[in-house]
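The next block is work.cif, given as mmCIF, C-alpha atoms and all ligand atoms.
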```cif
data_target
#
loop_
_atom_site.label_atom_id
_atom_site.label_comp_id
_atom_site.auth_asym_id
_atom_site.auth_seq_id
_atom_site.Cartn_x
_atom_site.Cartn_y
_atom_site.Cartn_z
CA MET A 1439 -14.67 135.36 -60.53
CA SER A 1440 -16.92 133.11 -62.66
CA SER A 1441 -20.44 134.28 -63.14
CA ALA A 1442 -21.87 131.22 -61.32
CA HIS A 1443 -19.61 131.90 -58.37
CA TYR A 1444 -20.59 135.50 -58.45
CA LEU A 1445 -24.29 134.69 -58.44
CA LYS A 1446 -23.86 132.24 -55.59
CA LYS A 1447 -22.04 134.82 -53.60
CA MET A 1448 -24.77 137.32 -54.25
CA GLY A 1449 -27.38 134.80 -53.09
CA GLY A 1450 -25.50 134.16 -49.88
CA GLU A 1451 -25.16 137.81 -49.19
CA GLU A 1452 -28.82 138.32 -49.83
CA GLU A 1453 -29.71 135.65 -47.30
CA GLN A 1454 -27.46 137.23 -44.74
CA MET A 1455 -28.99 140.58 -45.50
CA ASP A 1456 -32.44 139.14 -45.04
CA VAL A 1457 -31.65 137.90 -41.54
CA ASP A 1458 -30.05 141.23 -40.71
CA HIS A 1459 -33.05 142.93 -42.12
CA GLN A 1460 -35.47 140.95 -39.98
CA HIS A 1461 -33.45 141.57 -36.88
CA HIS A 1462 -33.27 145.22 -37.79
CA ALA A 1463 -37.02 145.38 -38.40
CA HIS A 1464 -37.64 143.81 -35.01
CA VAL A 1465 -35.40 146.31 -33.27
CA GLN A 1466 -37.04 149.08 -35.25
CA ALA A 1467 -40.54 147.94 -34.28
CA LYS A 1468 -39.56 147.99 -30.63
CA LYS A 1469 -38.02 151.39 -31.02
CA LYS A 1470 -41.05 152.65 -32.91
CA GLU A 1471 -43.60 151.75 -30.22
CA PRO A 1472 -45.32 155.07 -29.74
CA TRP A 1473 -44.14 156.66 -26.55
CA VAL A 1474 -47.68 157.82 -25.82
CA ASP A 1475 -48.55 154.15 -25.27
CA LYS A 1476 -45.27 153.14 -23.70
CA TYR A 1477 -45.49 155.90 -21.09
CA ARG A 1478 -49.22 155.80 -20.44
CA PRO A 1479 -49.82 155.59 -16.67
CA LYS A 1480 -51.14 152.13 -15.76
CA LYS A 1481 -52.95 153.14 -12.60
CA VAL A 1482 -55.45 155.89 -12.01
CA SER A 1483 -53.33 157.18 -9.14
CA ASP A 1484 -50.41 157.73 -11.54
CA VAL A 1485 -52.38 160.18 -13.66
CA ALA A 1486 -50.84 163.55 -12.95
CA TYR A 1487 -52.43 166.93 -12.28
CA GLN A 1488 -56.12 165.86 -12.38
CA THR A 1489 -56.17 165.56 -8.59
CA GLU A 1490 -59.91 166.05 -8.04
CA VAL A 1491 -60.81 163.62 -10.79
CA VAL A 1492 -58.33 161.04 -9.56
CA SER A 1493 -59.51 161.15 -5.97
CA ALA A 1494 -63.18 160.94 -6.99
CA LEU A 1495 -62.46 158.01 -9.29
CA GLU A 1496 -60.52 156.18 -6.61
CA LYS A 1497 -63.38 156.60 -4.17
CA ALA A 1498 -65.86 155.31 -6.73
CA MET A 1499 -63.64 152.31 -7.45
CA GLU A 1500 -63.52 151.31 -3.79
CA THR A 1501 -67.21 150.50 -3.90
CA HIS A 1502 -66.76 148.51 -7.13
CA ASN A 1503 -70.11 149.82 -8.25
CA LEU A 1504 -69.32 152.46 -10.83
CA PRO A 1505 -71.89 154.77 -12.40
CA HIS A 1506 -71.90 155.57 -16.12
CA MET A 1507 -69.19 158.14 -16.62
CA LEU A 1508 -68.57 161.12 -18.83
CA PHE A 1509 -64.98 162.35 -19.12
CA TYR A 1510 -64.54 165.64 -20.91
CA GLY A 1511 -61.81 168.18 -21.48
CA PRO A 1512 -59.10 169.20 -23.95
CA PRO A 1513 -57.03 166.60 -25.86
CA GLY A 1514 -54.07 164.90 -24.25
CA THR A 1515 -55.08 165.41 -20.63
CA GLY A 1516 -55.60 161.82 -19.48
CA LYS A 1517 -59.19 160.84 -20.36
CA THR A 1518 -58.41 157.69 -22.30
CA THR A 1519 -55.62 156.90 -19.86
CA CYS A 1520 -58.00 157.02 -16.88
CA ALA A 1521 -60.64 154.91 -18.61
CA LEU A 1522 -58.12 152.22 -19.55
CA ALA A 1523 -56.51 152.31 -16.10
CA ILE A 1524 -59.87 151.76 -14.37
CA CYS A 1525 -60.52 148.73 -16.55
CA LYS A 1526 -57.06 147.33 -15.86
CA GLN A 1527 -57.46 147.77 -12.13
CA LEU A 1528 -60.91 146.21 -12.06
CA TYR A 1529 -60.38 143.20 -14.31
CA GLY A 1530 -56.65 142.69 -14.86
CA PRO A 1531 -55.17 142.09 -18.30
CA GLU A 1532 -56.84 138.76 -19.14
CA LEU A 1533 -60.45 139.28 -18.17
CA GLY A 1534 -60.20 142.85 -19.47
CA LYS A 1535 -60.15 141.50 -23.01
CA LYS A 1536 -63.63 140.03 -22.50
CA ARG A 1537 -65.21 142.63 -20.28
CA VAL A 1538 -64.10 145.82 -21.99
CA LEU A 1539 -64.94 147.11 -25.45
CA GLU A 1540 -63.18 150.26 -26.59
CA LEU A 1541 -64.42 152.12 -29.62
CA ASN A 1542 -62.80 155.30 -30.86
CA ALA A 1543 -63.37 157.75 -33.66
CA SER A 1544 -61.60 155.56 -36.20
CA ASP A 1545 -64.23 152.85 -35.65
CA GLU A 1546 -67.51 153.32 -37.41
CA ARG A 1547 -70.03 154.40 -34.79
CA GLY A 1548 -73.11 155.36 -36.73
CA ILE A 1549 -76.53 154.27 -35.70
CA SER A 1550 -76.20 150.82 -37.31
CA VAL A 1551 -73.10 150.06 -35.26
CA VAL A 1552 -74.80 151.25 -32.10
CA ARG A 1553 -77.72 148.94 -32.85
CA GLY A 1554 -75.46 146.04 -33.86
CA LYS A 1555 -72.01 145.74 -32.33
CA ILE A 1556 -72.58 147.93 -29.28
CA LYS A 1557 -75.91 146.36 -28.51
CA SER A 1558 -74.60 142.82 -28.71
CA PHE A 1559 -71.74 143.71 -26.40
CA ALA A 1560 -73.89 145.63 -23.94
CA SER A 1561 -76.68 143.09 -23.70
CA THR A 1562 -74.75 139.87 -23.01
CA THR A 1563 -74.39 138.82 -19.41
CA VAL A 1564 -71.03 138.48 -17.71
CA GLY A 1565 -69.23 135.31 -16.67
CA GLU A 1566 -67.03 134.46 -13.71
CA GLY A 1567 -64.40 136.82 -12.33
CA VAL A 1568 -60.72 136.00 -11.95
CA PRO A 1569 -58.77 135.85 -8.69
CA GLY A 1570 -56.70 138.85 -7.67
CA TYR A 1571 -58.95 141.52 -9.18
CA PRO A 1572 -62.26 142.96 -7.96
CA CYS A 1573 -64.07 141.93 -11.20
CA PRO A 1574 -67.43 143.59 -10.49
CA PRO A 1575 -70.33 141.86 -12.29
CA TYR A 1576 -70.62 144.21 -15.26
CA LYS A 1577 -68.77 145.07 -18.48
CA ILE A 1578 -67.42 148.42 -19.54
CA LEU A 1579 -67.99 150.04 -22.90
CA ILE A 1580 -65.60 152.88 -23.65
CA LEU A 1581 -66.74 155.29 -26.32
CA ASP A 1582 -63.73 157.45 -27.02
CA GLU A 1583 -64.11 160.74 -28.88
CA ALA A 1584 -67.87 160.49 -28.55
CA ASP A 1585 -68.44 164.05 -29.73
CA SER A 1586 -68.10 162.79 -33.28
CA MET A 1587 -71.19 160.60 -32.93
CA THR A 1588 -74.36 161.80 -34.61
CA ASN A 1589 -77.37 162.77 -32.50
CA ASP A 1590 -79.30 159.78 -33.83
CA ALA A 1591 -76.55 157.41 -32.78
CA GLN A 1592 -76.43 159.09 -29.38
CA SER A 1593 -80.18 158.67 -28.92
CA ALA A 1594 -79.93 154.98 -29.72
CA LEU A 1595 -77.05 154.77 -27.28
CA ARG A 1596 -79.07 156.43 -24.59
CA ARG A 1597 -81.82 153.83 -24.84
CA MET A 1598 -79.19 151.17 -24.49
CA MET A 1599 -77.79 152.82 -21.37
CA GLU A 1600 -81.24 152.57 -19.84
CA THR A 1601 -81.91 149.02 -20.84
CA TYR A 1602 -78.58 147.38 -20.10
CA SER A 1603 -77.20 149.34 -17.18
CA ARG A 1604 -77.39 146.26 -14.98
CA VAL A 1605 -74.72 144.45 -16.98
CA THR A 1606 -72.85 147.28 -18.68
CA ARG A 1607 -71.34 150.60 -17.69
CA PHE A 1608 -70.75 153.24 -20.34
CA PHE A 1609 -67.69 155.50 -20.30
CA ILE A 1610 -68.25 158.39 -22.66
CA LEU A 1611 -65.12 160.39 -23.53
CA CYS A 1612 -65.16 163.67 -25.40
CA ASN A 1613 -63.61 167.11 -25.77
CA TYR A 1614 -66.83 169.12 -25.71
CA VAL A 1615 -69.50 168.13 -23.23
CA SER A 1616 -71.96 170.35 -25.12
CA LYS A 1617 -71.88 167.93 -28.06
CA ILE A 1618 -73.27 165.12 -25.95
CA ILE A 1619 -77.05 165.04 -25.84
CA ASP A 1620 -78.64 165.90 -22.50
CA PRO A 1621 -80.32 162.54 -21.84
CA ILE A 1622 -76.88 160.90 -21.97
CA SER A 1623 -74.95 163.45 -19.95
CA SER A 1624 -77.61 163.56 -17.26
CA ARG A 1625 -77.21 159.79 -16.77
CA CYS A 1626 -73.47 160.03 -16.20
CA ALA A 1627 -71.16 161.12 -13.42
CA LYS A 1628 -69.19 163.92 -15.07
CA PHE A 1629 -65.48 164.49 -14.75
CA ARG A 1630 -63.72 167.50 -16.20
CA PHE A 1631 -60.07 167.15 -17.20
CA LYS A 1632 -57.90 170.28 -17.24
CA SER A 1633 -55.05 171.22 -19.57
CA LEU A 1634 -51.82 170.23 -17.89
CA ASP A 1635 -49.69 173.01 -16.45
CA GLY A 1636 -46.06 173.64 -17.31
CA GLY A 1637 -44.62 172.05 -14.18
CA THR A 1638 -46.49 168.78 -14.67
CA MET A 1639 -45.49 168.60 -18.32
CA HIS A 1640 -41.83 169.22 -17.51
CA GLU A 1641 -41.86 166.50 -14.89
CA ARG A 1642 -43.48 163.95 -17.19
CA ILE A 1643 -41.21 164.79 -20.12
CA ASN A 1644 -38.11 164.57 -17.94
CA PHE A 1645 -39.29 161.15 -16.85
CA ILE A 1646 -39.64 159.99 -20.45
CA ALA A 1647 -36.33 161.60 -21.44
CA LYS A 1648 -34.65 159.60 -18.71
CA GLY A 1649 -36.27 156.38 -19.86
CA GLU A 1650 -35.14 157.00 -23.44
CA ASN A 1651 -31.69 158.39 -22.60
CA LEU A 1652 -32.33 161.77 -24.13
CA GLN A 1653 -30.32 164.87 -23.39
CA LEU A 1654 -32.56 167.88 -23.31
CA ALA A 1655 -30.69 171.15 -23.70
CA GLU A 1656 -31.84 174.24 -21.86
CA GLY A 1657 -35.03 175.54 -23.43
CA THR A 1658 -36.25 172.19 -24.77
CA LEU A 1659 -38.87 171.74 -22.06
CA GLN A 1660 -40.09 175.29 -22.54
CA ALA A 1661 -40.39 174.79 -26.30
CA LEU A 1662 -42.40 171.60 -25.78
CA GLU A 1663 -44.64 173.27 -23.26
CA HIS A 1664 -45.18 176.22 -25.56
CA VAL A 1665 -45.99 174.36 -28.78
CA SER A 1666 -48.17 171.73 -27.15
CA ALA A 1667 -50.16 174.10 -24.92
CA GLY A 1668 -51.16 171.62 -22.21
CA ASP A 1669 -51.70 168.68 -24.60
CA MET A 1670 -49.49 165.93 -23.23
CA ARG A 1671 -50.03 163.67 -26.21
CA LYS A 1672 -48.75 166.36 -28.54
CA ALA A 1673 -45.72 166.99 -26.33
CA ILE A 1674 -44.78 163.28 -26.19
CA THR A 1675 -45.32 162.78 -29.91
CA LEU A 1676 -43.16 165.78 -30.74
CA LEU A 1677 -40.46 164.53 -28.41
CA GLN A 1678 -40.46 161.16 -30.16
CA SER A 1679 -40.44 162.65 -33.66
CA ALA A 1680 -37.59 164.96 -32.74
CA ALA A 1681 -35.63 162.07 -31.25
CA SER A 1682 -36.10 159.89 -34.31
CA LEU A 1683 -35.06 162.75 -36.58
CA PHE A 1684 -32.20 164.27 -34.61
CA GLY A 1685 -31.05 161.55 -32.22
CA SER A 1686 -30.83 161.81 -28.48
CA GLU A 1687 -29.61 165.39 -28.14
CA LEU A 1688 -32.52 167.74 -28.35
CA THR A 1689 -32.90 171.49 -28.25
CA GLY A 1690 -35.77 173.95 -28.34
CA ASP A 1691 -35.06 174.71 -31.99
CA ARG A 1692 -35.20 171.05 -32.94
CA ILE A 1693 -38.56 170.71 -31.20
CA ARG A 1694 -39.87 173.80 -32.96
CA GLU A 1695 -38.66 172.44 -36.26
CA VAL A 1696 -40.55 169.13 -35.99
CA ALA A 1697 -43.57 171.02 -34.68
CA GLY A 1698 -43.62 173.07 -37.88
CA VAL A 1699 -43.36 176.35 -36.04
CA ILE A 1700 -42.13 179.31 -38.06
CA PRO A 1701 -38.94 180.85 -36.59
CA ASP A 1702 -39.74 183.93 -34.51
CA GLU A 1703 -37.28 186.06 -36.50
CA LYS A 1704 -39.33 185.61 -39.66
CA ILE A 1705 -42.54 186.66 -37.99
CA GLU A 1706 -40.83 189.62 -36.39
CA GLU A 1707 -39.41 190.70 -39.74
CA LEU A 1708 -42.86 190.40 -41.29
CA LEU A 1709 -44.37 192.64 -38.67
CA GLN A 1710 -41.56 195.18 -39.03
CA LEU A 1711 -42.11 195.38 -42.77
CA CYS A 1712 -45.82 195.96 -42.16
CA VAL A 1713 -45.04 198.74 -39.70
CA ALA A 1714 -42.58 200.28 -42.14
CA GLY A 1715 -45.42 200.35 -44.66
CA ASP A 1716 -43.36 198.45 -47.21
CA SER A 1717 -46.10 196.62 -49.01
CA GLN A 1718 -43.89 195.06 -51.64
CA LYS A 1719 -41.42 193.56 -49.20
CA SER A 1720 -44.04 192.40 -46.69
CA GLN A 1721 -45.92 190.59 -49.47
CA ALA A 1722 -42.71 189.04 -50.74
CA LEU A 1723 -41.72 187.78 -47.31
CA ALA A 1724 -45.18 186.35 -46.65
CA GLU A 1725 -44.99 184.53 -49.96
CA ASP A 1726 -41.55 183.18 -49.06
CA ILE A 1727 -42.81 181.77 -45.78
CA LEU A 1728 -45.73 180.14 -47.54
CA LYS A 1729 -43.37 178.66 -50.13
CA ASP A 1730 -41.23 177.24 -47.36
CA GLY A 1731 -44.20 174.99 -46.77
CA PHE A 1732 -45.81 176.56 -43.71
CA PRO A 1733 -49.60 176.54 -43.86
CA CYS A 1734 -51.29 179.90 -44.06
CA LEU A 1735 -53.18 179.24 -40.83
CA GLN A 1736 -49.92 178.66 -39.00
CA ILE A 1737 -48.44 181.91 -40.34
CA LEU A 1738 -51.50 183.92 -39.35
CA GLU A 1739 -51.78 182.31 -35.94
CA GLN A 1740 -48.17 183.08 -35.05
CA PHE A 1741 -48.45 186.53 -36.57
CA GLY A 1742 -51.51 187.14 -34.40
CA TYR A 1743 -49.78 186.09 -31.19
CA TYR A 1744 -46.68 188.07 -32.04
CA LEU A 1745 -48.70 191.13 -32.91
CA ALA A 1746 -50.68 191.03 -29.70
CA ASP A 1747 -47.46 191.15 -27.67
CA SER A 1748 -45.69 193.76 -29.77
CA ASP A 1749 -45.02 197.31 -28.54
CA LEU A 1750 -44.74 198.59 -32.08
CA LEU A 1751 -48.48 199.09 -32.42
CA GLU A 1752 -51.35 200.90 -30.75
CA ASP A 1753 -54.07 198.74 -29.24
CA GLU A 1754 -56.64 199.87 -31.78
CA MET A 1755 -54.43 198.81 -34.65
CA LYS A 1756 -53.90 195.42 -33.07
CA ALA A 1757 -57.63 195.01 -32.62
CA GLU A 1758 -58.36 195.90 -36.22
CA ILE A 1759 -55.85 193.40 -37.56
CA CYS A 1760 -57.00 190.66 -35.18
CA LEU A 1761 -60.57 191.05 -36.39
CA LYS A 1762 -59.31 190.52 -39.92
CA LEU A 1763 -57.29 187.47 -38.88
CA GLY A 1764 -60.42 185.95 -37.40
CA GLU A 1765 -62.44 186.49 -40.58
CA VAL A 1766 -59.73 185.05 -42.75
CA GLU A 1767 -59.35 182.00 -40.56
CA LYS A 1768 -63.00 181.16 -41.11
CA LYS A 1769 -62.56 181.58 -44.87
CA LEU A 1770 -59.53 179.31 -44.88
CA VAL A 1771 -61.36 176.63 -42.96
CA ASP A 1772 -64.10 176.89 -45.57
CA GLY A 1773 -61.54 176.24 -48.29
CA ALA A 1774 -60.45 179.65 -49.56
CA ASP A 1775 -57.16 180.07 -51.43
CA GLU A 1776 -54.20 180.26 -49.04
CA TRP A 1777 -52.11 182.75 -50.91
CA LEU A 1778 -54.96 185.18 -51.61
CA GLN A 1779 -56.05 185.16 -47.99
CA LEU A 1780 -52.54 185.62 -46.69
CA SER A 1781 -51.89 188.42 -49.14
CA HIS A 1782 -55.15 190.06 -48.11
CA CYS A 1783 -54.25 189.94 -44.42
CA ILE A 1784 -50.76 191.26 -44.95
CA SER A 1785 -52.09 194.13 -47.08
CA ILE A 1786 -54.54 195.12 -44.38
CA ALA A 1787 -51.86 194.80 -41.71
CA THR A 1788 -49.48 196.95 -43.78
CA ILE A 1789 -52.10 199.65 -44.28
CA VAL A 1790 -53.26 199.64 -40.66
CA CYS A 1791 -49.75 199.49 -39.16
CA SER A 1792 -48.33 202.26 -41.27
CA THR A 1793 -51.19 204.70 -40.73
CA LYS A 1794 -50.49 206.89 -37.75
CA PRO A 1795 -53.66 207.21 -35.69
CA GLU A 1796 -55.05 210.72 -35.46
CA LYS A 1797 -54.54 212.07 -32.02
N1 LIG B 1 -52.68 163.75 -16.59
C1 LIG B 1 -51.72 163.03 -17.19
N2 LIG B 1 -50.70 162.48 -16.47
C2 LIG B 1 -49.74 161.75 -17.09
N3 LIG B 1 -49.70 161.52 -18.41
C3 LIG B 1 -50.67 162.04 -19.17
C4 LIG B 1 -51.73 162.81 -18.59
N4 LIG B 1 -52.57 163.19 -19.58
C5 LIG B 1 -52.06 162.68 -20.71
N5 LIG B 1 -50.93 161.99 -20.47
C6 LIG B 1 -50.11 161.31 -21.50
O1 LIG B 1 -50.51 161.77 -22.79
C7 LIG B 1 -50.89 160.69 -23.64
C8 LIG B 1 -52.30 160.91 -24.14
O2 LIG B 1 -53.21 160.85 -23.05
P1 LIG B 1 -54.73 160.41 -23.25
O3 LIG B 1 -55.22 159.92 -21.95
O4 LIG B 1 -54.83 159.49 -24.41
O5 LIG B 1 -55.38 161.81 -23.61
P2 LIG B 1 -56.92 162.16 -23.90
O6 LIG B 1 -57.34 163.04 -22.77
O7 LIG B 1 -56.90 162.92 -25.19
O8 LIG B 1 -57.68 160.89 -23.98
C9 LIG B 1 -50.74 159.42 -22.83
O9 LIG B 1 -49.68 158.68 -23.34
C10 LIG B 1 -50.35 159.83 -21.42
O10 LIG B 1 -49.14 159.22 -21.11
MG MG B 2 -58.52 160.10 -25.79
#
```
If you took the structure in this file and wrote it as C-alpha cells, what would it be?
Amino acid sequence: MSSAHYLKKMGGEEEQMDVDHQHHAHVQAKKKEPWVDKYRPKKVSDVAYQTEVVSALEKAMETHNLPHMLFYGPPGTGKTTCALAICKQLYGPELGKKRVLELNASDERGISVVRGKIKSFASTTVGEGVPGYPCPPYKILILDEADSMTNDAQSALRRMMETYSRVTRFFILCNYVSKIIDPISSRCAKFRFKSLDGGTMHERINFIAKGENLQLAEGTLQALEHVSAGDMRKAITLLQSAASLFGSELTGDRIREVAGVIPDEKIEELLQLCVAGDSQKSQALAEDILKDGFPCLQILEQFGYYLADSDLLEDEMKAEICLKLGEVEKKLVDGADEWLQLSHCISIATIVCSTKPEK
C-alpha cells in the first residue's frame, strides 16, 4: 500500500469514525439523562407517600389562589418535585418559562442577587394566560435549598414578599425550617415532607427498573432502601450508577459497592479484634480499610451502627465507645487527620471492649 493510499484510507476511516462517534454521543446523552429527572412525577397527585401534603396542595390549587409556601423536610422526599409540578399544572410548559423562576443553591443568592435578579422578576407584572391551563395572574419564584441563604438575604427577601405578593408567590424549599427566619416562615403556608418508607421506595424503584429493563436480584431493593435511608434521590442515583457500571443485572452487593459501603464482614472482623483485645491487629485492619479508600467517617459510622447491634458487648461499653465516636466525628468535620482519629477510636474501642466490667 502506497503511503498516499494509506493516508487516504486513514482519512476515510476517521470520517466514518466521526459519524459513528456523533451517533454514539447522541445515544450516550440520551442514556445519560439523569433518572432523577426522567422519573420525576409530573403531577402533584403522582408524588408518593406525602399524602397529607398532596391533598392540601390539591385543595389549594383548586382555588387558583395560592399562598406563599414553605416546603421543608429531609432531602429526596419530593419538595422540588411538588414545586415544579404545581407550576406545570398551573401554567403548562410554555407559559411556565415566563412565569416561573427557579433558583437553587448553585445559583448565587446573596443579598445583591435578591435585590437585583429576584427583585426584577418579582416586581414585573404578568401578561396574558394561555388556553388549557388555569394561569392565575401571578408568577412563582422557587427558592430551592433556601437554608443556605444568609440572614441578610432572607431579610431582603422578606421585604420583597410583602411588597410584591400581589404579582408573585414565593415557594421556599429547605431541609431545616429552623434556618428560615421567622418573618418569612410566618408568611408562608408550611408543608412538612417525610422520609419515604421502605414500601414506597421499593414500589418506585421497581417502576424505574421496569422502565430501564433492569433485573434486580433478591436483596437489591433492601440494599437501596438501607443505604439511602428514605432519600429517594440517593436511591435513584445509586441505581443509575450501578446500572452504568455493572449493566442491567443488579444485586445488593453491587449497590453497596457503588454506594461506597464497607462490607459487613470487615466491620465485624474489626469489632471482633477489638473485643479480643488485639490492639496490633485491630489497628492494622483499620488502616487497611482506610487504605482501601473508605473515608474515616464512613468507617466510624458503620462501626457505630454495627456496635450498637452487637451482643458481644455490655451496654455501658457501647455507650462509652459511642461517646468517643461522636467526639471524633466533630474533630473530623473540623479537619483533623483521618488516620490519627481512626487510630484513636480503635484504641479506645480495643481498651473498652477487652476490659471486663467489674460486677
Ligand atoms: N414522594 C416522592 N414520590 C415519588 N418520587 C419521589 C418522591 N420524593 C422524591 N422522589 C424522586 O426523587 C428525586 C428527587 O426528588 P426531589 O423532589 O428533587 O427531592 P427534594 O425533596 O430533595 O427536593 C426525584 O427524581 C423524584 O422522582
Ligand atoms: Mg430539592
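Within 10 Å of Asp1484 (chain A), once only C-alpha atoms are used and residues closer than 5 positions along the same chain are dropped, the contacting residues are A:Arg1478, A:Pro1479, A:Val1492, A:Thr1519, A:Cys1520, A:Ala1523.
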Checklist entry - If you count all atoms listed in the file, which residues fall within 10 Å of Ser1593 (chain A), apart from same-chain ones fewer than 3 positions away, as a list in words? => result Ile1549, Val1552, Thr1588, Asn1589, Asp1590, Arg1596, Arg1597, Met1598, Met1599, Ile1618, Ile1619, Asp1620, Pro1621 and Ile1622 of chain A
With a distance cut-off of 7 Å and only C-alpha atoms, select the neighbouring residues of region 1674-1683 of chain A, excluding the residue or stretch itself and same-chain residues fewer than 6 positions from it, and output the selection as a JSON list (two decimals) with C-alpha atoms, keeping the file's coordinate frame.
```json
[["chain", "number", "residue", "atom", "x", "y", "z"],
["A", 1473, "TRP", "CA", -44.14, 156.66, -26.55],
["A", 1474, "VAL", "CA", -47.68, 157.82, -25.82],
["A", 1692, "ARG", "CA", -35.20, 171.05, -32.94],
["A", 1693, "ILE", "CA", -38.56, 170.71, -31.20],
["A", 1696, "VAL", "CA", -40.55, 169.13, -35.99],
["A", 1697, "ALA", "CA", -43.57, 171.02, -34.68]]
```
Checklist entry - Would you name the residues within 6 Å of ligand LIG 1 (chain B), counting all atoms listed in the file, and put them as a ChimeraX atom specification? => result /A:1474-1475,1477-1479,1485-1488,1513-1519,1670-1671
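Computed from the coordinates, the CA of Arg1537 (chain A) to CA of Ala1560 (chain A) distance equals 9.9 Å.
Using only C-alpha atoms for every distance, the candidate list A:Val1615, A:Phe1608, A:Ser1717, A:Leu1709 yields A:Leu1709 as the residue closest to Ala1746 (chain A).
The environment of Gln1653 (chain A) within 7 Å, counting all atoms listed in the file and disregarding residues fewer than 6 places along the same chain, consists of Ser1686, Glu1687 and Leu1688 of chain A.
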Item to check | Minimum-distance residue to ligand MG 2 (chain B), chosen among A:Cys1626, A:Cys1612, A:Lys1476, A:Ala1594 (using only C-alpha atoms and all ligand atoms) | outcome: A:Cys1612
Next on the checklist: Which residues are close to region 1761-1775 of chain A, i.e. within 9 Å by all atoms listed in the file, leaving aside same-chain residues fewer than 5 positions away? Reply as number ranges by chain.
Outcome noted: A: 1734-1735, 1738-1739, 1742, 1756, 1780, 1782-1783, 1786-1787
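The residue that comes closest to ligand MG 2 (chain B), out of A:Val1665, A:Leu1711, A:Ile1643, A:Leu1541 and on the basis of all atoms listed in the file, is A:Leu1541.
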Item to check | Using only C-alpha atoms and all ligand atoms: which of A:Ser1623, A:Thr1689, A:Asn1613, A:Ser1785 has the shortest distance to ligand MG 2 (chain B) | outcome: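 Checking each of A:Ser1623, A:Thr1689, A:Asn1613, A:Ser1785 against ligand MG 2 (chain B), counting only C-alpha atoms and all ligand atoms, the winner is A:Asn1613.
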Item to check | Nearest to Met1587 (chain A), chosen from A:Lys1557, A:Ser1544, A:Thr1563, A:His1502, with all atoms listed in the file counted in the distances | outcome: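 Among A:Lys1557, A:Ser1544, A:Thr1563, A:His1502, it is A:Ser1544 that comes nearest to Met1587 (chain A).
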Next on the checklist: Please report the interatomic distance between CA of Met1507 (chain A) and CA of Val1482 (chain A) in Å with one decimal.
Outcome noted: 14.7 Å
Checklist outcome for this item: note - CA of Glu1566 (chain A) and CA of Glu1540 (chain A) are separated by 20.7 Å
Checklist entry - Between A:Val1713, A:Leu1581, A:Ile1759, A:Leu1539, which has the minimum distance to Ser1558 (chain A) (counting all atoms listed in the file)? => result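 Of the candidates, the smallest distance to Ser1558 (chain A) is held by A:Leu1539.
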Please return the centre and edge lengths, in Å to one decimal, of a box with edges along x, y and z that contains all listed atoms of region 1542-1545 of chain A, widened by 3 Å on every side, as lines of an AutoDock Vina configuration file.
```
center_x = -62.9
center_y = 155.3
center_z = -33.5
size_x = 8.6
size_y = 10.9
size_z = 11.3
```
